[in-house]
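Student: Structure below; questions to follow.
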Amino acid sequence: MRTRDTNKEILIRKKAIEMIVSHGFDGLSMHKLAKAASVSVATIYIYFKDREDLIQQLYTEEFEKMTVATLVNFNPECHFDEGLRIQWMNRLKYCLENPLSMTFMEQMKHSPLIDRSKIDRRFIDAMTQFVHTAISTKELIQLPIEIYWSIAFAPLYQLVKFHISGTSMPGRPPFVLDEKQIDLTLSLVLKALKP
């Protein structure tokens, strides 16, 4: 049996995420990945059973990294305004430090290629508790989770995308996300979510 090389495994994972972000799931094959990582196809199979196992492991690992980053200094029982601000700042920091991972996770969000039962529940459980606590203390109106998420976090992610890509709306100069814009947007989001 061939020996595992941590550096090769890290490189394979990195190149796989880059390929998925650049070319989508259809652009990822074990042969293309082997060429991009300068390893043999057999080397990839030391670490991953098949393409689906690779994608699942990538998602599980990136979800774990995102969970750790977003739960820094976060208490699901804190006041809703404070908790949402912490979530925004943690998510912003994670996205700015990991733009490829952010895009990869966006692509994975609606993918049928992953088994969500294998993911770390800490993030989901913390967010569920946070929302239920805020509803019970009447700091948040009760909404279907999809509507809540769209109001609470989609504005942040859209601004992050503008910022990272250095774009804006057509005919406008590149958008730069700063604290003033974060405060303004977050205040509007909080206003929309309060009873």
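Residue numbering restarts at 1 for every chain of the structure tokens, chains are lettered A, B, ... in their displayed order, and ligands are numbered from 1 as they appear.
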Need the shell around Ile114 in chain A: protein/DNA/RNA residues with any atom at most 10 Å away, counting only C-alpha atoms. Skip same-chain ones fewer than 2 positions apart. Format as a ChimeraX atom specification?

Tutor: /A:52-53,55-60,108-112,116-119

Student: Leaving out Pro99 in chain A and any residue of its chain fewer than 3 positions from it, which residues lie within 10 Å of it when counting only C-alpha atoms, given as a list in words?

Tutor: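 What passes the distance filter is Tyr94, Cys95, Leu96, Met102, Thr103, Phe104, Met105, Val160, Lys161, Ile164 and Ser165 of chain A.
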
Student: Suppose we keep all heavy atoms; can you now write the selection as an mmCIF file, in the first residue's frame?

Tutor:
```
data_model
loop_
_atom_site.group_PDB
_atom_site.id
_atom_site.type_symbol
_atom_site.label_atom_id
_atom_site.label_comp_id
_atom_site.auth_asym_id
_atom_site.auth_seq_id
_atom_site.Cartn_x
_atom_site.Cartn_y
_atom_site.Cartn_z
ATOM 1 N N TYR A 94 -14.711 35.307 7.734
ATOM 2 C CA TYR A 94 -14.494 34.008 7.091
ATOM 3 C C TYR A 94 -14.484 34.154 5.568
ATOM 4 O O TYR A 94 -13.597 33.629 4.893
ATOM 5 C CB TYR A 94 -15.577 33.011 7.521
ATOM 6 C CG TYR A 94 -15.498 31.711 6.763
ATOM 7 C CD1 TYR A 94 -14.558 30.746 7.110
ATOM 8 C CD2 TYR A 94 -16.341 31.452 5.684
ATOM 9 C CE1 TYR A 94 -14.462 29.565 6.407
ATOM 10 C CE2 TYR A 94 -16.245 30.268 4.973
ATOM 11 C CZ TYR A 94 -15.307 29.334 5.340
ATOM 12 O OH TYR A 94 -15.198 28.161 4.630
ATOM 13 N N CYS A 95 -15.445 34.873 5.029
ATOM 14 C CA CYS A 95 -15.548 35.022 3.570
ATOM 15 C C CYS A 95 -14.358 35.780 2.999
ATOM 16 O O CYS A 95 -13.838 35.409 1.944
ATOM 17 C CB CYS A 95 -16.845 35.733 3.198
ATOM 18 S SG CYS A 95 -18.327 34.754 3.501
ATOM 19 N N LEU A 96 -13.944 36.845 3.670
ATOM 20 C CA LEU A 96 -12.814 37.625 3.166
ATOM 21 C C LEU A 96 -11.501 36.856 3.253
ATOM 22 O O LEU A 96 -10.636 37.000 2.387
ATOM 23 C CB LEU A 96 -12.699 38.951 3.929
ATOM 24 C CG LEU A 96 -13.857 39.931 3.722
ATOM 25 C CD1 LEU A 96 -13.642 41.188 4.560
ATOM 26 C CD2 LEU A 96 -14.065 40.274 2.251
ATOM 27 N N MET A 102 -15.799 30.182 0.327
ATOM 28 C CA MET A 102 -17.127 30.791 0.324
ATOM 29 C C MET A 102 -17.875 30.438 -0.961
ATOM 30 O O MET A 102 -19.030 30.010 -0.928
ATOM 31 C CB MET A 102 -17.013 32.307 0.446
ATOM 32 C CG MET A 102 -18.364 33.023 0.411
ATOM 33 S SD MET A 102 -18.245 34.790 0.088
ATOM 34 C CE MET A 102 -18.069 34.805 -1.684
ATOM 35 N N THR A 103 -17.204 30.578 -2.102
ATOM 36 C CA THR A 103 -17.841 30.279 -3.385
ATOM 37 C C THR A 103 -18.151 28.790 -3.492
ATOM 38 O O THR A 103 -19.222 28.405 -3.950
ATOM 39 C CB THR A 103 -16.937 30.740 -4.546
ATOM 40 O OG1 THR A 103 -16.633 32.120 -4.360
ATOM 41 C CG2 THR A 103 -17.614 30.552 -5.880
ATOM 42 N N PHE A 104 -17.221 27.963 -3.046
ATOM 43 C CA PHE A 104 -17.439 26.516 -3.046
ATOM 44 C C PHE A 104 -18.668 26.151 -2.212
ATOM 45 O O PHE A 104 -19.528 25.385 -2.648
ATOM 46 C CB PHE A 104 -16.192 25.808 -2.504
ATOM 47 C CG PHE A 104 -16.367 24.341 -2.260
ATOM 48 C CD1 PHE A 104 -16.404 23.449 -3.318
ATOM 49 C CD2 PHE A 104 -16.501 23.843 -0.972
ATOM 50 C CE1 PHE A 104 -16.563 22.083 -3.089
ATOM 51 C CE2 PHE A 104 -16.656 22.488 -0.731
ATOM 52 C CZ PHE A 104 -16.694 21.605 -1.793
ATOM 53 N N MET A 105 -18.774 26.730 -1.011
ATOM 54 C CA MET A 105 -19.912 26.427 -0.143
ATOM 55 C C MET A 105 -21.222 26.906 -0.754
ATOM 56 O O MET A 105 -22.253 26.256 -0.608
ATOM 57 C CB MET A 105 -19.702 27.027 1.246
ATOM 58 C CG MET A 105 -18.559 26.387 2.024
ATOM 59 S SD MET A 105 -18.780 24.619 2.307
ATOM 60 C CE MET A 105 -20.011 24.667 3.596
ATOM 61 N N VAL A 160 -20.651 41.063 0.203
ATOM 62 C CA VAL A 160 -19.336 40.413 0.198
ATOM 63 C C VAL A 160 -18.941 40.034 -1.233
ATOM 64 O O VAL A 160 -17.792 40.233 -1.641
ATOM 65 C CB VAL A 160 -19.314 39.181 1.131
ATOM 66 C CG1 VAL A 160 -18.063 38.343 0.903
ATOM 67 C CG2 VAL A 160 -19.411 39.606 2.589
ATOM 68 N N LYS A 161 -19.894 39.522 -2.002
ATOM 69 C CA LYS A 161 -19.598 39.153 -3.396
ATOM 70 C C LYS A 161 -19.199 40.377 -4.211
ATOM 71 O O LYS A 161 -18.242 40.323 -4.993
ATOM 72 C CB LYS A 161 -20.805 38.460 -4.033
ATOM 73 C CG LYS A 161 -21.053 37.065 -3.504
ATOM 74 C CD LYS A 161 -22.320 36.503 -4.113
ATOM 75 C CE LYS A 161 -22.775 35.267 -3.388
ATOM 76 N NZ LYS A 161 -24.079 34.773 -3.875
ATOM 77 N N ILE A 164 -15.567 41.318 -2.937
ATOM 78 C CA ILE A 164 -14.512 40.396 -3.355
ATOM 79 C C ILE A 164 -14.257 40.488 -4.859
ATOM 80 O O ILE A 164 -13.115 40.478 -5.309
ATOM 81 C CB ILE A 164 -14.847 38.946 -2.935
ATOM 82 C CG1 ILE A 164 -14.692 38.802 -1.411
ATOM 83 C CG2 ILE A 164 -13.950 37.941 -3.652
ATOM 84 C CD1 ILE A 164 -15.143 37.476 -0.850
ATOM 85 N N SER A 165 -15.329 40.600 -5.633
ATOM 86 C CA SER A 165 -15.163 40.643 -7.093
ATOM 87 C C SER A 165 -14.735 42.020 -7.595
ATOM 88 O O SER A 165 -14.339 42.169 -8.749
ATOM 89 C CB SER A 165 -16.464 40.228 -7.787
ATOM 90 O OG SER A 165 -17.478 41.201 -7.570
#
```

Student: Given only C-alpha atoms, how would the per-residue table for range 44-141 of chain A near range 187-192 of chain A read, listing every residue at most 12 Å away with its closest atom pair and distance in Å to one decimal, sorted by chain and number, as JSON lines?

Tutor:
```
{"residue": "A:His79", "atom": "CA", "partner": "A:Leu190", "partner_atom": "CA", "distance": 12.0}
{"residue": "A:Phe80", "atom": "CA", "partner": "A:Leu190", "partner_atom": "CA", "distance": 8.8}
{"residue": "A:Asp81", "atom": "CA", "partner": "A:Leu190", "partner_atom": "CA", "distance": 7.0}
{"residue": "A:Glu82", "atom": "CA", "partner": "A:Leu190", "partner_atom": "CA", "distance": 10.4}
{"residue": "A:Gly83", "atom": "CA", "partner": "A:Leu190", "partner_atom": "CA", "distance": 11.1}
{"residue": "A:Leu84", "atom": "CA", "partner": "A:Leu190", "partner_atom": "CA", "distance": 8.4}
{"residue": "A:Arg85", "atom": "CA", "partner": "A:Leu190", "partner_atom": "CA", "distance": 9.6}
{"residue": "A:Trp88", "atom": "CA", "partner": "A:Val189", "partner_atom": "CA", "distance": 11.1}
{"residue": "A:Ala134", "atom": "CA", "partner": "A:Leu190", "partner_atom": "CA", "distance": 11.9}
{"residue": "A:Glu139", "atom": "CA", "partner": "A:Leu190", "partner_atom": "CA", "distance": 9.5}
{"residue": "A:Leu140", "atom": "CA", "partner": "A:Leu190", "partner_atom": "CA", "distance": 8.7}
{"residue": "A:Ile141", "atom": "CA", "partner": "A:Ala192", "partner_atom": "CA", "distance": 9.1}
```

Student: Output N, CA and C atoms for every residue in the selection just made, as a PDB file, in the first residue's frame.

Tutor:
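Listed below is the output, again06.pdb:
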```pdb
ATOM      1  N   HIS A  79     -28.758  38.476  23.179  1.00  0.00           N
ATOM      2  CA  HIS A  79     -29.740  39.369  22.568  1.00  0.00           C
ATOM      3  C   HIS A  79     -29.627  39.242  21.048  1.00  0.00           C
ATOM      4  N   PHE A  80     -30.757  39.287  20.361  1.00  0.00           N
ATOM      5  CA  PHE A  80     -30.772  39.049  18.913  1.00  0.00           C
ATOM      6  C   PHE A  80     -29.883  40.032  18.153  1.00  0.00           C
ATOM      7  N   ASP A  81     -29.962  41.331  18.474  1.00  0.00           N
ATOM      8  CA  ASP A  81     -29.145  42.336  17.767  1.00  0.00           C
ATOM      9  C   ASP A  81     -27.652  42.014  17.894  1.00  0.00           C
ATOM     10  N   GLU A  82     -27.239  41.706  19.113  1.00  0.00           N
ATOM     11  CA  GLU A  82     -25.829  41.394  19.367  1.00  0.00           C
ATOM     12  C   GLU A  82     -25.407  40.122  18.637  1.00  0.00           C
ATOM     13  N   GLY A  83     -26.237  39.090  18.719  1.00  0.00           N
ATOM     14  CA  GLY A  83     -25.922  37.816  18.081  1.00  0.00           C
ATOM     15  C   GLY A  83     -25.832  37.924  16.567  1.00  0.00           C
ATOM     16  N   LEU A  84     -26.761  38.688  15.977  1.00  0.00           N
ATOM     17  CA  LEU A  84     -26.726  38.834  14.520  1.00  0.00           C
ATOM     18  C   LEU A  84     -25.483  39.615  14.098  1.00  0.00           C
ATOM     19  N   ARG A  85     -25.115  40.624  14.860  1.00  0.00           N
ATOM     20  CA  ARG A  85     -23.891  41.387  14.546  1.00  0.00           C
ATOM     21  C   ARG A  85     -22.663  40.474  14.615  1.00  0.00           C
ATOM     22  N   TRP A  88     -22.686  38.282  11.597  1.00  0.00           N
ATOM     23  CA  TRP A  88     -22.277  39.031  10.405  1.00  0.00           C
ATOM     24  C   TRP A  88     -20.760  39.217  10.373  1.00  0.00           C
ATOM     25  N   ALA A 134     -34.685  34.102  20.220  1.00  0.00           N
ATOM     26  CA  ALA A 134     -35.106  35.456  19.821  1.00  0.00           C
ATOM     27  C   ALA A 134     -36.612  35.534  19.589  1.00  0.00           C
ATOM     28  N   GLU A 139     -37.916  39.245  20.204  1.00  0.00           N
ATOM     29  CA  GLU A 139     -36.935  40.095  19.524  1.00  0.00           C
ATOM     30  C   GLU A 139     -36.944  39.834  18.016  1.00  0.00           C
ATOM     31  N   LEU A 140     -37.662  38.817  17.595  1.00  0.00           N
ATOM     32  CA  LEU A 140     -37.667  38.385  16.198  1.00  0.00           C
ATOM     33  C   LEU A 140     -39.060  37.887  15.841  1.00  0.00           C
ATOM     34  N   ILE A 141     -39.532  38.276  14.654  1.00  0.00           N
ATOM     35  CA  ILE A 141     -40.820  37.739  14.210  1.00  0.00           C
ATOM     36  C   ILE A 141     -40.614  36.315  13.711  1.00  0.00           C
TER      37      ILE A 141
END
```

Student: Excluding Val176 in chain A and any residue of its chain fewer than 5 positions from it, enumerate the residues within 10 Å of it, using only C-alpha atoms, and give them as number ranges by chain.

Tutor: A: 159-160, 162-168, 181

Student: When distances are computed from only C-alpha atoms, which of A:Gln142, A:Leu113, A:Ile135, A:Thr185 shows the smallest separation from Leu156 in chain A?

Tutor: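 Among the listed residues, the smallest separation from Leu156 in chain A belongs to A:Thr185.
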
Student: As a PyMOL selection string, please: the residues near Asn90 in chain A (cut-off 7 Å, only C-alpha atoms, same-chain neighbours under 3 positions excluded).

Tutor: chain A and resi 69-70+86-87+93-94

Student: Those selected residues, please, written with C-alpha atoms and delivered as a short mmCIF file (atom, residue, chain, number, x, y, z; two decimals), in the first residue's frame.

Tutor:
```
data_model
loop_
_atom_site.label_atom_id
_atom_site.label_comp_id
_atom_site.auth_asym_id
_atom_site.auth_seq_id
_atom_site.Cartn_x
_atom_site.Cartn_y
_atom_site.Cartn_z
CA ALA A 69 -15.21 30.53 12.26
CA THR A 70 -18.85 31.58 12.60
CA ILE A 86 -21.45 38.72 15.79
CA GLN A 87 -22.70 36.36 13.08
CA LYS A 93 -14.18 37.63 8.26
CA TYR A 94 -14.49 34.01 7.09
#
```

Student: Find the residues near Ala16 in chain A: any atom within 8 Å, counting only C-alpha atoms, skip ones fewer than 3 places away on the same chain, and give them as a list in words.

Tutor: Ile12, Arg13, Met19, Ile20, Leu28 and Leu33 of chain A

Student: Please save N, CA and C atoms of the selected residues as a short mmCIF file (atom, residue, chain, number, x, y, z; two decimals), in the first residue's frame.

Tutor:
```cif
data_model
loop_
_atom_site.label_atom_id
_atom_site.label_comp_id
_atom_site.auth_asym_id
_atom_site.auth_seq_id
_atom_site.Cartn_x
_atom_site.Cartn_y
_atom_site.Cartn_z
N ILE A 12 -4.24 18.30 -3.31
CA ILE A 12 -5.36 17.69 -4.05
C ILE A 12 -6.67 18.37 -3.65
N ARG A 13 -6.88 18.56 -2.36
CA ARG A 13 -8.10 19.21 -1.87
C ARG A 13 -8.20 20.65 -2.40
N MET A 19 -11.02 23.87 -8.93
CA MET A 19 -11.65 23.37 -10.15
C MET A 19 -13.17 23.47 -10.08
N ILE A 20 -13.74 23.12 -8.94
CA ILE A 20 -15.19 23.20 -8.78
C ILE A 20 -15.65 24.65 -8.86
N LEU A 28 -14.89 18.79 -12.83
CA LEU A 28 -14.00 18.03 -11.94
C LEU A 28 -14.00 16.56 -12.33
N LEU A 33 -7.99 16.54 -12.21
CA LEU A 33 -7.49 16.89 -10.88
C LEU A 33 -6.06 16.40 -10.71
#
```

Student: Here is a test: counting only C-alpha atoms, which residue of A:Ile10, A:Ile145, A:Ala126, A:Leu184 is nearest to Asn75 in chain A?

Tutor: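 Distance minimum relative to Asn75 in chain A lands on A:Ala126.
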
Student: Can you list, as a VMD selection string, every residue of range 28-159 of chain A that DSSP puts in helix (DSSP H, G or I)?

Tutor: chain A and resid 30 to 37 41 to 47 51 to 70 80 to 97 99 to 108 116 to 118 122 to 136 145 to 152 154 to 159

Student: Take CA of Asp50 in chain A and CA of Met30 in chain A and report the distance between them in Å, one decimal.

Tutor: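 We find that CA of Asp50 in chain A and CA of Met30 in chain A lie 8.2 Å from each other.
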
Student: Restricting the calculation to only C-alpha atoms: of A:Ile17, A:Met89, A:Ile46, A:Cys78, which residue gets closest to Ser101 in chain A?

Tutor: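 Among A:Ile17, A:Met89, A:Ile46, A:Cys78, it is A:Ile17 that comes nearest to Ser101 in chain A.
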
Student: Counting only C-alpha atoms, which residue out of A:Thr137, A:Asn73, A:Ser29, A:Asn7 sits closest to Tyr47 in chain A?

Tutor: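 Of all the options, A:Asn7 lies closest to Tyr47 in chain A.
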
Student: What is the distance between CA of Tyr45 in chain A and CA of Thr67 in chain A, in Å to one decimal?

Tutor: 27.7 Å
